[in-house]
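Structure record follows, encoded as structure tokens.
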Amino acid sequence: MDINWKELGFHYTETDTIVRSAFHGRWENGRLKGEWEEPYATRDKYIHLHLSATCLQYGQEAFEGLKAFRGADGRIRIFRWRDNAERLQRSAHALKMAEPPIELFGRALRLALETNMDFVPPYDTGATLYFRPILIGTTPQLGVGPGVDYELAIIPSPIGPYYPGKFHCTTFIINRRVDRAAPLGTGAYKVGGNYAASFRATEEAHLQGYDCLFLDSKTHRYIDECSAANFIGIKQTDEGIEYLTPRSNAILPSITNASLMALAWDKGYKVTRRHILVEELAEMQEAAACGTACVISPIDRVIDPDKGRMYEISRTPGPVLTDLYQSLQDIQYGRAEDKYGWCTILNKKHTN
Ligand SMILES: Cc1ncc(COP(=O)(O)O)c(C=O)c1O
């Protein structure tokens, strides 16, 4: 195996195995009953799927994303996997799919790690082993409705550092012609349809060299989130530092954002989750997108072409977000005490 860890991007790299578990069910008095098979690791990365499967016909698909970090001490830490397992259950519930039990998800994840240990990047390369759990409906049917058969798979892939070299800023653009998710739709769940729905706006933004910032789809006045990350703003007020993040029914509850909020709170900042008007960008000294992939991606400017406005936030990553980024990475890489119990150590002994 010859991987240049420092050159890896956020691309799929094939590993030894993926882990799978199927659910076979039936309806009993309107409730889905059935059994999950014990997760198993396989070298075969393809599945035999009927073309009428509910995932293909009606979008019964949900996924997750989480990482394993090889720490400074050689131990491998998986970050907050239970939160991902719970979020997958919520997404499954939203699409009337079978919900993988938390402990089954945990066993599948452990197997995905243990059968791909050579793919956990060395410490200090910035690379990590990313896991992409997916859940799909596999029942062949034409009638519009949820199926009874599901497949959970965990796909590991080493991924590169989000910022090879230096932590840098990105410019975002607002698009009022494409909505990512309806106000009471599936925006709060991690389901494939939300991403397909956002591609028109994100690709348009990318062609101009920007990323896309989505607004609430009801009024287009408030900030919702980015295509695959939450939004954070930092305000310096007379009372001190305020960490602001949108409250909305249509955004994904980010595990990174929840972790950063806990850290911000512990640092003595005011932490506020509320509706945030686009115009408030003018009062922010720092802003960022946050998520598993990038942790924090600082924003230098936000362009609002429909209103003819440009919000200049910070040309370089600001001190508050840089410090929060460091604090979170220190826990993920085992350089700081994990007082929140966020990391699960899978190899107790040193195996660097
Ligand atoms: C739409 C969306 N929002 C936010 C996030 C960040 O969530 P997390 O921090 O759990 O990765 C993601 C990535 O999973 C996402 O796809």
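Convention: chains lettered A, B, ... in structure tokens order; per-chain residue numbering from 1; ligands numbered from 1 as shown.
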
query = Can you tell me, as a PyMOL selection string, what residues are no more than 12 Å from Tyr340 in chain A when counting only C-alpha atoms, ignoring any on the same chain fewer than 5 positions away?
reply = chain A and resi 79-80+258-260+262-263+266+328+331-332

request  = For Asn249 in chain A, please output as JSON, numbers by chain all residues within 7 Å (counting only C-alpha atoms; exclusion window: fewer than 4 positions along the same chain).
outcome  = {"A": [183, 184, 188]}

Out of range 287-320 of chain A, which residues get helix (DSSP H, G or I) from DSSP, as an mmCIF file with N, CA and C atoms, in the first residue's frame?
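Output (out15.cif):
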```
data_model
loop_
_atom_site.group_PDB
_atom_site.id
_atom_site.type_symbol
_atom_site.label_atom_id
_atom_site.label_comp_id
_atom_site.auth_asym_id
_atom_site.auth_seq_id
_atom_site.Cartn_x
_atom_site.Cartn_y
_atom_site.Cartn_z
ATOM 1 N N PRO A 305 -25.629 38.994 -4.047
ATOM 2 C CA PRO A 305 -25.810 39.694 -5.336
ATOM 3 C C PRO A 305 -27.193 40.299 -5.506
ATOM 4 N N ASP A 306 -28.233 39.617 -4.987
ATOM 5 C CA ASP A 306 -29.602 40.152 -5.174
ATOM 6 C C ASP A 306 -29.770 41.507 -4.504
ATOM 7 N N LYS A 307 -29.061 41.711 -3.397
ATOM 8 C CA LYS A 307 -29.201 42.987 -2.661
ATOM 9 C C LYS A 307 -28.046 43.932 -2.982
ATOM 10 N N PRO A 319 -8.862 35.320 15.615
ATOM 11 C CA PRO A 319 -8.311 34.661 16.805
ATOM 12 C C PRO A 319 -9.295 33.726 17.517
ATOM 13 N N VAL A 320 -10.573 34.097 17.548
ATOM 14 C CA VAL A 320 -11.533 33.289 18.314
ATOM 15 C C VAL A 320 -11.748 31.934 17.628
#
```

request  = Write out as a PyMOL selection string which residues come within 6 Å of range 224-234 of chain A when counting only C-alpha atoms, dropping same-chain ones fewer than 6 positions away.
outcome  = chain A and resi 213-216+242-245+284-291

How would the residues just chosen look if you wrote them out with C-alpha atoms as a PDB file, in the first residue's frame?
```pdb
ATOM      1  CA  LEU A 213     -24.712  30.068   1.829  1.00  0.00           C
ATOM      2  CA  PHE A 214     -28.364  29.011   2.051  1.00  0.00           C
ATOM      3  CA  LEU A 215     -31.061  31.180   3.617  1.00  0.00           C
ATOM      4  CA  ASP A 216     -34.303  30.032   5.213  1.00  0.00           C
ATOM      5  CA  GLU A 242     -20.529  36.057  21.421  1.00  0.00           C
ATOM      6  CA  TYR A 243     -20.706  32.770  19.494  1.00  0.00           C
ATOM      7  CA  LEU A 244     -23.766  32.945  17.251  1.00  0.00           C
ATOM      8  CA  THR A 245     -25.291  30.142  15.226  1.00  0.00           C
ATOM      9  CA  MET A 284     -19.549  39.974  12.804  1.00  0.00           C
ATOM     10  CA  GLN A 285     -15.800  40.112  13.270  1.00  0.00           C
ATOM     11  CA  GLU A 286     -15.397  36.439  12.351  1.00  0.00           C
ATOM     12  CA  ALA A 287     -17.535  33.814  10.635  1.00  0.00           C
ATOM     13  CA  ALA A 288     -17.084  30.229   9.506  1.00  0.00           C
ATOM     14  CA  ALA A 289     -18.630  27.065   8.184  1.00  0.00           C
ATOM     15  CA  CYS A 290     -18.213  24.102  10.535  1.00  0.00           C
ATOM     16  CA  GLY A 291     -18.527  20.360  10.063  1.00  0.00           C
TER      17      GLY A 291
END
```

message = Using only C-alpha atoms, which protein or nucleic acid residues come within 8 Å of range 145-159 of chain A? Drop anything in the same chain fewer than 6 positions from it, and give the result as a ChimeraX atom specification.
response = /A:8-15,17-27,32,54,58,60,95-98,100,108-109,112-113,116,119-121,127-139

Selection export as a CSV table (one decimal), in the first residue's frame, atoms kept: N, CA and C atoms:
```
chain,number,residue,atom,x,y,z
A,8,LEU,N,-3.5,13.5,0.1
A,8,LEU,CA,-4.9,13.0,0.0
A,8,LEU,C,-5.8,14.2,0.1
A,9,GLY,N,-6.9,14.2,-0.7
A,9,GLY,CA,-7.9,15.3,-0.6
A,9,GLY,C,-9.2,14.7,0.0
A,10,PHE,N,-10.3,15.3,-0.2
A,10,PHE,CA,-11.6,14.7,0.3
A,10,PHE,C,-12.1,13.9,-0.8
A,11,HIS,N,-11.4,12.8,-1.1
A,11,HIS,CA,-11.8,11.9,-2.2
A,11,HIS,C,-11.8,10.5,-1.7
A,12,TYR,N,-12.6,9.6,-2.4
A,12,TYR,CA,-12.6,8.2,-2.0
A,12,TYR,C,-11.4,7.5,-2.3
A,13,THR,N,-10.8,6.8,-1.3
A,13,THR,CA,-9.7,5.9,-1.6
A,13,THR,C,-10.1,4.5,-1.1
A,14,GLU,N,-10.0,3.6,-1.9
A,14,GLU,CA,-10.5,2.2,-1.6
A,14,GLU,C,-9.7,1.6,-0.4
A,15,THR,N,-10.3,1.0,0.5
A,15,THR,CA,-9.7,0.4,1.7
A,15,THR,C,-9.9,-1.2,1.5
A,17,THR,N,-11.8,-3.3,3.3
A,17,THR,CA,-13.2,-3.8,3.4
A,17,THR,C,-14.2,-2.7,3.6
A,18,ILE,N,-15.5,-3.0,3.4
A,18,ILE,CA,-16.6,-2.2,3.9
A,18,ILE,C,-17.4,-3.2,4.8
A,19,VAL,N,-18.2,-2.6,5.6
A,19,VAL,CA,-19.0,-3.4,6.5
A,19,VAL,C,-20.5,-3.3,6.2
A,20,ARG,N,-21.2,-4.4,6.2
A,20,ARG,CA,-22.6,-4.4,5.8
A,20,ARG,C,-23.5,-5.1,6.8
A,21,SER,N,-24.7,-4.7,6.8
A,21,SER,CA,-25.7,-5.4,7.7
A,21,SER,C,-27.1,-5.1,7.0
A,22,ALA,N,-27.8,-6.2,6.8
A,22,ALA,CA,-29.1,-6.1,6.1
A,22,ALA,C,-30.2,-6.2,7.2
A,23,PHE,N,-31.3,-5.5,6.9
A,23,PHE,CA,-32.5,-5.6,7.7
A,23,PHE,C,-33.7,-6.2,6.9
A,24,HIS,N,-34.3,-7.2,7.3
A,24,HIS,CA,-35.4,-7.8,6.6
A,24,HIS,C,-36.7,-7.6,7.5
A,25,GLY,N,-37.7,-7.0,7.0
A,25,GLY,CA,-38.8,-6.6,7.8
A,25,GLY,C,-40.2,-6.9,7.2
A,26,ARG,N,-41.2,-6.6,7.9
A,26,ARG,CA,-42.6,-6.8,7.5
A,26,ARG,C,-43.4,-5.7,8.3
A,27,TRP,N,-44.6,-5.4,7.8
A,27,TRP,CA,-45.5,-4.5,8.5
A,27,TRP,C,-46.4,-5.3,9.4
A,32,LEU,N,-43.2,-1.2,11.4
A,32,LEU,CA,-42.1,-2.0,10.7
A,32,LEU,C,-41.4,-2.9,11.8
A,54,THR,N,-36.5,0.9,-3.2
A,54,THR,CA,-37.1,2.2,-2.7
A,54,THR,C,-36.0,3.3,-2.6
A,58,TYR,N,-37.6,6.2,-4.7
A,58,TYR,CA,-38.2,7.2,-3.9
A,58,TYR,C,-37.3,7.9,-2.9
A,60,GLN,N,-35.2,6.7,-0.6
A,60,GLN,CA,-35.1,6.2,0.8
A,60,GLN,C,-33.6,6.0,1.1
A,95,LEU,N,-37.6,9.3,7.2
A,95,LEU,CA,-37.9,8.7,5.9
A,95,LEU,C,-38.6,7.3,6.0
A,96,LYS,N,-39.1,7.1,7.2
A,96,LYS,CA,-39.8,5.8,7.5
A,96,LYS,C,-39.0,4.6,7.1
A,97,MET,N,-37.7,4.6,7.5
A,97,MET,CA,-36.8,3.5,7.3
A,97,MET,C,-36.5,2.8,8.6
A,98,ALA,N,-36.0,1.6,8.5
A,98,ALA,CA,-35.6,0.9,9.7
A,98,ALA,C,-34.5,1.6,10.4
A,100,PRO,N,-31.2,1.7,12.5
A,100,PRO,CA,-30.1,0.8,13.0
A,100,PRO,C,-29.9,1.0,14.5
A,108,ALA,N,-20.5,-2.3,13.9
A,108,ALA,CA,-20.2,-2.2,12.5
A,108,ALA,C,-19.0,-1.3,12.3
A,109,LEU,N,-19.0,-0.2,13.1
A,109,LEU,CA,-17.9,0.8,13.0
A,109,LEU,C,-16.6,0.2,13.5
A,112,ALA,N,-15.3,-2.0,10.9
A,112,ALA,CA,-14.8,-1.2,9.7
A,112,ALA,C,-13.4,-0.7,10.1
A,113,LEU,N,-13.2,-0.3,11.3
A,113,LEU,CA,-11.9,0.2,11.7
A,113,LEU,C,-10.9,-1.0,11.8
A,116,ASN,N,-9.4,-2.3,8.7
A,116,ASN,CA,-8.8,-1.3,7.8
A,116,ASN,C,-7.7,-0.5,8.6
A,119,PHE,N,-5.2,1.8,7.1
A,119,PHE,CA,-5.6,3.0,6.4
A,119,PHE,C,-5.9,4.1,7.3
A,120,VAL,N,-5.5,3.9,8.6
A,120,VAL,CA,-5.6,5.1,9.6
A,120,VAL,C,-4.4,5.9,9.4
A,121,PRO,N,-4.5,7.1,8.9
A,121,PRO,CA,-3.2,7.8,8.6
A,121,PRO,C,-2.4,8.1,9.8
A,127,ALA,N,-4.2,13.9,8.0
A,127,ALA,CA,-5.2,13.0,7.3
A,127,ALA,C,-5.9,12.2,8.4
A,128,THR,N,-7.0,11.7,8.1
A,128,THR,CA,-7.8,10.9,9.1
A,128,THR,C,-8.5,9.7,8.3
A,129,LEU,N,-9.0,8.8,9.1
A,129,LEU,CA,-9.8,7.8,8.4
A,129,LEU,C,-11.3,8.2,8.6
A,130,TYR,N,-11.9,8.5,7.4
A,130,TYR,CA,-13.3,8.9,7.4
A,130,TYR,C,-14.2,7.7,7.2
A,131,PHE,N,-15.3,7.7,7.9
A,131,PHE,CA,-16.3,6.6,7.7
A,131,PHE,C,-17.6,7.3,7.2
A,132,ARG,N,-18.1,6.6,6.1
A,132,ARG,CA,-19.4,7.1,5.5
A,132,ARG,C,-20.4,6.0,5.7
A,133,PRO,N,-21.2,6.0,6.8
A,133,PRO,CA,-22.3,5.1,7.0
A,133,PRO,C,-23.4,5.4,6.0
A,134,ILE,N,-24.0,4.5,5.3
A,134,ILE,CA,-25.2,4.8,4.5
A,134,ILE,C,-26.3,3.8,4.8
A,135,LEU,N,-27.5,4.2,4.7
A,135,LEU,CA,-28.6,3.4,4.9
A,135,LEU,C,-29.5,3.5,3.7
A,136,ILE,N,-29.9,2.4,3.1
A,136,ILE,CA,-30.7,2.5,1.9
A,136,ILE,C,-31.9,1.5,2.0
A,137,GLY,N,-33.0,1.9,1.3
A,137,GLY,CA,-34.1,1.0,1.2
A,137,GLY,C,-33.9,0.1,0.0
A,138,THR,N,-34.0,-1.2,0.2
A,138,THR,CA,-33.7,-2.2,-0.9
A,138,THR,C,-34.9,-3.0,-1.4
A,139,THR,N,-36.1,-2.7,-0.8
A,139,THR,CA,-37.3,-3.5,-1.2
A,139,THR,C,-37.7,-3.1,-2.7
```

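Comparing the minimum interatomic distances between ligand 1 and each of A:Thr115, A:Thr322, A:Gln57, A:Asn257, counting only C-alpha atoms and all ligand atoms, we find that A:Asn257 sits nearest.
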
query = Where does DSSP see strand (DSSP E or B) in range 76-267 of chain A, if you list the residues as an NGL selection string?
reply = :A and (76-79 or 128-137 or 140 or 149-159 or 170-174 or 191 or 211-215 or 222-226 or 230-237 or 240-246)

task = Using only C-alpha atoms and all ligand atoms, pick whichever of A:Thr219, A:Asn29, A:Asn175, A:Asn84 has the shortest atom-to-atom distance to ligand 1.
result = A:Asn84

Polymer residues at most 9 Å from Glu283 in chain A, only C-alpha atoms, same-chain spacing of 4 or more positions, as a PyMOL selection string = chain A and resi 234-236+279+313

Any chance you could export the current selection's C-alpha atoms as a compact mmCIF listing (two decimals), in the first residue's frame?
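Output contents, as saved in result_17.txt:
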```
# COMPACT_ATOMS: atom_id res chain seq x y z
CA ILE A 234 -18.45 35.71 16.18
CA LYS A 235 -19.35 39.12 17.56
CA GLN A 236 -17.20 41.13 19.95
CA GLU A 279 -27.65 42.01 7.50
CA ILE A 313 -15.77 39.83 7.60
```

task = For Gly71 in chain A, list every protein, DNA or RNA residue within 10 Å, evaluated using only C-alpha atoms, and leave out those in the same chain fewer than 2 positions away; present the list as a list in words.
result =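 Skipping anything fewer than 2 positions along the chain leaves Ala68, Phe69, Asp73, Gly74, Arg75, Ile76, Arg77, Pro121, Pro122, Tyr123, Asp124, Asp330, Ile331, Gln332, Tyr333, Gly334, Arg335, Ile345, His350 and Asn352 of chain A.
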
Export, as a PDB file, in the first residue's frame, the selected residues with C-alpha atoms.
```
ATOM      1  CA  ALA A  68     -11.022   8.269  13.378  1.00  0.00           C
ATOM      2  CA  PHE A  69      -7.887  10.177  14.352  1.00  0.00           C
ATOM      3  CA  ASP A  73       0.066   8.913  21.619  1.00  0.00           C
ATOM      4  CA  GLY A  74      -0.533   6.436  18.748  1.00  0.00           C
ATOM      5  CA  ARG A  75      -4.065   5.668  19.938  1.00  0.00           C
ATOM      6  CA  ILE A  76      -6.971   5.809  17.544  1.00  0.00           C
ATOM      7  CA  ARG A  77      -9.895   7.951  18.622  1.00  0.00           C
ATOM      8  CA  PRO A 121      -3.248   7.842   8.556  1.00  0.00           C
ATOM      9  CA  PRO A 122      -0.181   8.500  10.717  1.00  0.00           C
ATOM     10  CA  TYR A 123      -0.280  11.280  13.290  1.00  0.00           C
ATOM     11  CA  ASP A 124       0.822  14.712  12.131  1.00  0.00           C
ATOM     12  CA  ASP A 330      -6.300  18.982  20.449  1.00  0.00           C
ATOM     13  CA  ILE A 331      -9.053  16.786  21.884  1.00  0.00           C
ATOM     14  CA  GLN A 332      -9.486  14.819  18.639  1.00  0.00           C
ATOM     15  CA  TYR A 333      -5.745  14.093  18.417  1.00  0.00           C
ATOM     16  CA  GLY A 334      -5.376  13.328  22.128  1.00  0.00           C
ATOM     17  CA  ARG A 335      -3.194  16.351  22.867  1.00  0.00           C
ATOM     18  CA  ILE A 345     -10.321   4.897  21.960  1.00  0.00           C
ATOM     19  CA  HIS A 350       0.365   2.079  21.379  1.00  0.00           C
ATOM     20  CA  ASN A 352       1.833   3.856  15.735  1.00  0.00           C
TER      21      ASN A 352
END
```

Nearest residue to Thr237 in chain A from the set A:Glu204, A:His168, A:Glu337, A:Tyr269 (distances using only C-alpha atoms) = A:Tyr269

Which residues are close to Gly106 in chain A, i.e. within 8 Å by only C-alpha atoms, leaving aside same-chain residues fewer than 4 positions away? Reply as a CSV table (one decimal) with N, CA and C atoms, in the first residue's frame.
```
chain,number,residue,atom,x,y,z
A,81,TRP,N,-19.1,9.0,18.0
A,81,TRP,CA,-19.8,8.1,17.1
A,81,TRP,C,-21.2,7.9,17.5
A,82,ARG,N,-21.5,7.9,18.8
A,82,ARG,CA,-22.9,7.7,19.2
A,82,ARG,C,-23.8,8.8,18.7
A,85,ALA,N,-24.6,7.9,15.3
A,85,ALA,CA,-25.6,6.8,15.3
A,85,ALA,C,-27.0,7.3,15.6
A,102,ILE,N,-28.2,1.5,18.0
A,102,ILE,CA,-26.9,2.2,18.3
A,102,ILE,C,-25.8,1.2,18.5
A,110,ARG,N,-16.7,-0.5,14.6
A,110,ARG,CA,-15.5,-1.1,15.1
A,110,ARG,C,-14.9,-2.1,14.1
```

request  = Take CA of Ala92 in chain A and CA of Gly193 in chain A and report the distance between them in Å, one decimal.
outcome  = 13.1 Å

key: Interatomic distance, CA of Tyr222 in chain A to CA of Asn194 in chain A (Å, one decimal)   = 18.6 Å
